[in-house]
Amino acid sequence: MRDRECLESWARHRDADSLQTLVERYLVFVHSSALRRTGDAAQAAEITRAVFLVLARRARRLRKKTVLAGWLFHVTSVACRKLNRIGRLGRLWRWIWRK
């Protein structure tokens, strides 16, 4: 399935296989982006989990023209900046849950 089809299936029917497909497709991309920005494997793993949580929560709000790879890269960058600014993972999770 294409990204858009997976997103719509997850957003409409909460089809876990569709979300899993997207996670498998972009896991290395998101994790390596986070690792390059943080330089720490544990923080990169935590950010990666957070990014996919944000995707799961916001799938319905993504526009049809959204390029998922670009969106994931942007969310990863924002999460890394937030982590650098606040300095603690616990506070990063509070930022993610707030949205």
# chains A, B, ... in the order shown; residues from 1 in each chain; ligands from 1

$ residues_around --residues "range 33-47 of chain A" --least-positions-apart "6" --cutoff "8 Å" --atoms "only C-alpha atoms" --output "ChimeraX atom specification"
/A:73,76-77,79-80,84,89

$ write_last_selection --atoms "C-alpha atoms" --output "PDB file, in the first residue's frame"
ATOM      1  CA  PHE A  73      11.550  14.686   9.164  1.00  0.00           C
ATOM      2  CA  THR A  76      11.757  14.654  14.216  1.00  0.00           C
ATOM      3  CA  SER A  77      13.577  17.972  13.920  1.00  0.00           C
ATOM      4  CA  ALA A  79      11.309  16.955  18.785  1.00  0.00           C
ATOM      5  CA  CYS A  80      15.123  17.130  18.734  1.00  0.00           C
ATOM      6  CA  ASN A  84      17.889  20.174  23.281  1.00  0.00           C
ATOM      7  CA  LEU A  89      13.078  13.355  27.981  1.00  0.00           C
TER       8      LEU A  89
END

$ residues_around --residues "range 15-32 of chain A" --least-positions-apart "6" --cutoff "6 Å" --atoms "only C-alpha atoms" --output "PyMOL selection string"
chain A and resi 6+9+44+48

$ residues_around --residues "Arg60 in chain A" --least-positions-apart "4" --cutoff "12 Å" --atoms "only C-alpha atoms" --output "MDAnalysis selection string"
chainID A and resid 4 6:14 54:56 64 66

$ write_last_selection --atoms "N, CA, C and O atoms" --output "short mmCIF file (atom, residue, chain, number, x, y, z; two decimals), in the first residue's frame"
data_model
loop_
_atom_site.label_atom_id
_atom_site.label_comp_id
_atom_site.auth_asym_id
_atom_site.auth_seq_id
_atom_site.Cartn_x
_atom_site.Cartn_y
_atom_site.Cartn_z
N ARG A 4 -0.37 7.17 1.61
CA ARG A 4 -1.68 7.80 1.77
C ARG A 4 -2.74 6.75 2.13
O ARG A 4 -3.58 6.97 3.00
N CYS A 6 -2.25 3.87 3.61
CA CYS A 6 -1.99 3.41 4.99
C CYS A 6 -2.49 4.43 6.00
O CYS A 6 -3.12 4.07 7.00
N LEU A 7 -2.23 5.70 5.75
CA LEU A 7 -2.68 6.76 6.65
C LEU A 7 -4.20 6.79 6.76
O LEU A 7 -4.75 6.90 7.85
N GLU A 8 -4.86 6.70 5.62
CA GLU A 8 -6.32 6.74 5.64
C GLU A 8 -6.91 5.52 6.33
O GLU A 8 -7.88 5.63 7.08
N SER A 9 -6.30 4.37 6.11
CA SER A 9 -6.77 3.15 6.76
C SER A 9 -6.59 3.24 8.28
O SER A 9 -7.48 2.85 9.05
N TRP A 10 -5.47 3.79 8.71
CA TRP A 10 -5.25 3.97 10.15
C TRP A 10 -6.21 5.01 10.70
O TRP A 10 -6.84 4.81 11.75
N ALA A 11 -6.35 6.13 10.01
CA ALA A 11 -7.18 7.23 10.52
C ALA A 11 -8.65 6.84 10.59
O ALA A 11 -9.34 7.18 11.55
N ARG A 12 -9.13 6.13 9.60
CA ARG A 12 -10.56 5.81 9.55
C ARG A 12 -10.94 4.57 10.35
O ARG A 12 -11.98 4.53 11.00
N HIS A 13 -10.09 3.53 10.25
CA HIS A 13 -10.47 2.23 10.81
C HIS A 13 -9.57 1.75 11.93
O HIS A 13 -9.77 0.66 12.45
N ARG A 14 -8.55 2.55 12.26
CA ARG A 14 -7.56 2.16 13.27
C ARG A 14 -6.96 0.79 12.95
O ARG A 14 -6.79 -0.06 13.81
N VAL A 54 3.18 10.66 17.60
CA VAL A 54 2.58 11.87 17.02
C VAL A 54 1.89 11.51 15.71
O VAL A 54 0.77 11.97 15.44
N LEU A 55 2.53 10.70 14.89
CA LEU A 55 1.91 10.28 13.63
C LEU A 55 0.59 9.56 13.89
O LEU A 55 -0.42 9.85 13.24
N ALA A 56 0.59 8.65 14.84
CA ALA A 56 -0.63 7.90 15.14
C ALA A 56 -1.75 8.83 15.60
O ALA A 56 -2.91 8.64 15.24
N LYS A 64 -4.04 15.71 2.32
CA LYS A 64 -3.80 14.68 1.30
C LYS A 64 -2.52 14.91 0.53
O LYS A 64 -1.91 13.97 0.05
N THR A 66 0.25 16.03 1.77
CA THR A 66 1.41 15.94 2.65
C THR A 66 2.33 14.81 2.21
O THR A 66 1.89 13.68 1.99
#

$ residues_around --residues "Val67 in chain A" --least-positions-apart "5" --cutoff "10 Å" --atoms "only C-alpha atoms" --output "list in words"
Asp3, Arg4, Leu62 and Leu72 of chain A

$ atom_distance --atom1 "CA of Phe52 in chain A" --atom2 "CA of Lys65 in chain A"
19.3 Å

$ select_by_dssp --residues "range 4-96 of chain A" --states "alpha helix (DSSP H)" --output "ChimeraX atom specification"
/A:4-13,16-38,41-58,68-86,89-96
